[in-house]
Amino acid sequence: MYPASIRNEATRLRDAGESWSGIARKLGVHRSTLRDWQAGRSARTNDCAICGPGELDEEAYAGLLGFYLGDGCVSRAARTYFLRVACDATQPGVIADVTDLIRRVRPEGRVFRPRAPGVTVVQSNWQHWPCLFPQHGPGRKHERPIVLEEWQRRIVKAHPASFLRGLFHSDGCRVINSTKRPVAGVMKEYRYPRWQFVNASGDIRELCCWALDLVGVAWRRSNPRVISVSRREAVEALDALIGLKS
């Protein structure tokens, strides 16, 4: 049995970002014991806004929901769940945005950034991620129904720009299109920007269209998997709402 002072110091070091291995070396406590203490602490403290008394930053949640539907997943671990959002490693602004959103939604948690070639995964573990993302389930998102709960729809209606930023900054892109037209007998090239959202899930594409309708941004279907925002005024409006990917 360890004294309370050792447990408190382990908690302080963990909250400060120390690894389990580092804490074990400093305190002379086995890593499995430290993890058991943390699991017991998490079980006693239910700060979930859905099944407990916790509070939710709804604007941040709307953005994180968009990122989750675009490039995120919730997966089961031995004693908890992991929320993972895969980000293009060349987009540090997007990585920073996802990191900030997770910290605002889950202030008590830690955020990790494991890397793979060309990808940075922003990850956080918590028992209650399935509460916040009830769309979680086995298999790929486009192979199962994706339907928002009424409380999620209420949040998106209140913060559609944040939701759209998550969608377009994960599974979207801003491209420059070009076309040629004859003017006074001379072919001239015109270049114009276009936003595109690409997703294999019809349900997620419908949610994107619904959110665009909420903010009055015109859209069209370029092909069965692509939602395009092409009109000049619509592109300018979407630029102002969600910013550019960086």
# chains A, B, ... in the order shown; residues from 1 in each chain; ligands from 1

$ select_by_dssp --residues "region 8-244 of chain A" --states "strand (DSSP E)" --output "number ranges by chain"
A: 72-76, 81-88, 115-116, 119-125, 172-183, 186-198, 220-223, 226-229

$ residues_around --residues "region 126-129 of chain A" --least-positions-apart "4" --cutoff "12 Å" --atoms "only C-alpha atoms" --output "PyMOL selection string"
chain A and resi 38-52+54+61+64-65+68+72-84+102+105-111+133-137

$ closest_residue --among "A:Ile146, A:Ala10, A:Ile176, A:Val98" --to "Arg113 (chain A)" --atoms "only C-alpha atoms"
A:Val98

$ residues_around --residues "Ile155 (chain A)" --least-positions-apart "6" --cutoff "8 Å" --atoms "only C-alpha atoms" --output "ChimeraX atom specification"
/A:58-59,62

$ write_last_selection --atoms "all heavy atoms" --output "PDB file, in the first residue's frame"
ATOM      1  N   GLU A  58     -19.672  23.984 -26.907  1.00  0.00           N
ATOM      2  CA  GLU A  58     -20.444  23.531 -28.067  1.00  0.00           C
ATOM      3  C   GLU A  58     -19.850  24.004 -29.383  1.00  0.00           C
ATOM      4  O   GLU A  58     -19.925  23.295 -30.387  1.00  0.00           O
ATOM      5  CB  GLU A  58     -21.900  23.968 -27.918  1.00  0.00           C
ATOM      6  CG  GLU A  58     -22.592  23.296 -26.738  1.00  0.00           C
ATOM      7  CD  GLU A  58     -24.084  23.533 -26.711  1.00  0.00           C
ATOM      8  OE1 GLU A  58     -24.569  24.396 -27.484  1.00  0.00           O
ATOM      9  OE2 GLU A  58     -24.778  22.852 -25.930  1.00  0.00           O
ATOM     10  N   GLU A  59     -19.273  25.199 -29.427  1.00  0.00           N
ATOM     11  CA  GLU A  59     -18.647  25.663 -30.667  1.00  0.00           C
ATOM     12  C   GLU A  59     -17.466  24.773 -31.032  1.00  0.00           C
ATOM     13  O   GLU A  59     -17.307  24.385 -32.191  1.00  0.00           O
ATOM     14  CB  GLU A  59     -18.188  27.113 -30.528  1.00  0.00           C
ATOM     15  CG  GLU A  59     -17.577  27.664 -31.803  1.00  0.00           C
ATOM     16  CD  GLU A  59     -17.123  29.100 -31.668  1.00  0.00           C
ATOM     17  OE1 GLU A  59     -17.118  29.623 -30.533  1.00  0.00           O
ATOM     18  OE2 GLU A  59     -16.770  29.702 -32.700  1.00  0.00           O
ATOM     19  N   ALA A  62     -18.758  21.361 -32.255  1.00  0.00           N
ATOM     20  CA  ALA A  62     -19.253  21.373 -33.637  1.00  0.00           C
ATOM     21  C   ALA A  62     -18.089  21.205 -34.617  1.00  0.00           C
ATOM     22  O   ALA A  62     -18.190  20.458 -35.595  1.00  0.00           O
ATOM     23  CB  ALA A  62     -19.999  22.669 -33.919  1.00  0.00           C
TER      24      ALA A  62
END

$ atom_distance --atom1 "CA of Asp97 (chain A)" --atom2 "CA of Glu18 (chain A)"
23.6 Å

$ residues_around --residues "Gly63 (chain A)" --least-positions-apart "3" --cutoff "6 Å" --atoms "only C-alpha atoms" --output "VMD selection string"
chain A and resid 60 66 162 to 163 166

$ write_last_selection --atoms "N, CA and C atoms" --output "mmCIF file, in the first residue's frame"
data_model
loop_
_atom_site.group_PDB
_atom_site.id
_atom_site.type_symbol
_atom_site.label_atom_id
_atom_site.label_comp_id
_atom_site.auth_asym_id
_atom_site.auth_seq_id
_atom_site.Cartn_x
_atom_site.Cartn_y
_atom_site.Cartn_z
ATOM 1 N N ALA A 60 -16.640 24.438 -30.032
ATOM 2 C CA ALA A 60 -15.510 23.543 -30.282
ATOM 3 C C ALA A 60 -16.004 22.160 -30.677
ATOM 4 N N GLY A 66 -17.182 17.825 -37.073
ATOM 5 C CA GLY A 66 -16.881 17.862 -38.498
ATOM 6 C C GLY A 66 -15.605 17.119 -38.832
ATOM 7 N N SER A 162 -18.346 26.352 -37.657
ATOM 8 C CA SER A 162 -17.360 25.461 -37.041
ATOM 9 C C SER A 162 -17.488 24.042 -37.595
ATOM 10 N N PHE A 163 -18.718 23.587 -37.742
ATOM 11 C CA PHE A 163 -18.960 22.250 -38.297
ATOM 12 C C PHE A 163 -18.430 22.149 -39.724
ATOM 13 N N GLY A 166 -14.648 21.917 -39.877
ATOM 14 C CA GLY A 166 -14.178 20.561 -39.630
ATOM 15 C C GLY A 166 -14.330 19.663 -40.841
#

$ atom_distance --atom1 "CA of Asp171 (chain A)" --atom2 "CA of Asp71 (chain A)"
6.7 Å

$ select_by_dssp --residues "region 2-228 of chain A" --states "alpha helix (DSSP H)" --output "count of residues only"
100

$ residues_around --residues "Cys208 (chain A)" --least-positions-apart "4" --cutoff "8 Å" --atoms "only C-alpha atoms" --output "short mmCIF file (atom, residue, chain, number, x, y, z; two decimals) with N, CA and C atoms, in the first residue's frame"
data_model
loop_
_atom_site.label_atom_id
_atom_site.label_comp_id
_atom_site.auth_asym_id
_atom_site.auth_seq_id
_atom_site.Cartn_x
_atom_site.Cartn_y
_atom_site.Cartn_z
N LEU A 164 -18.72 23.16 -40.53
CA LEU A 164 -18.24 23.16 -41.92
C LEU A 164 -16.71 23.23 -41.99
N LEU A 167 -15.46 19.75 -41.52
CA LEU A 167 -15.69 18.92 -42.70
C LEU A 167 -14.73 19.27 -43.83
N ILE A 204 -22.99 11.55 -44.72
CA ILE A 204 -22.11 12.65 -44.35
C ILE A 204 -22.17 13.75 -45.40
N LEU A 212 -24.37 23.72 -45.25
CA LEU A 212 -24.20 24.80 -46.24
C LEU A 212 -25.51 25.56 -46.42
#

$ atom_distance --atom1 "CA of Phe197 (chain A)" --atom2 "CA of Leu101 (chain A)"
20.8 Å
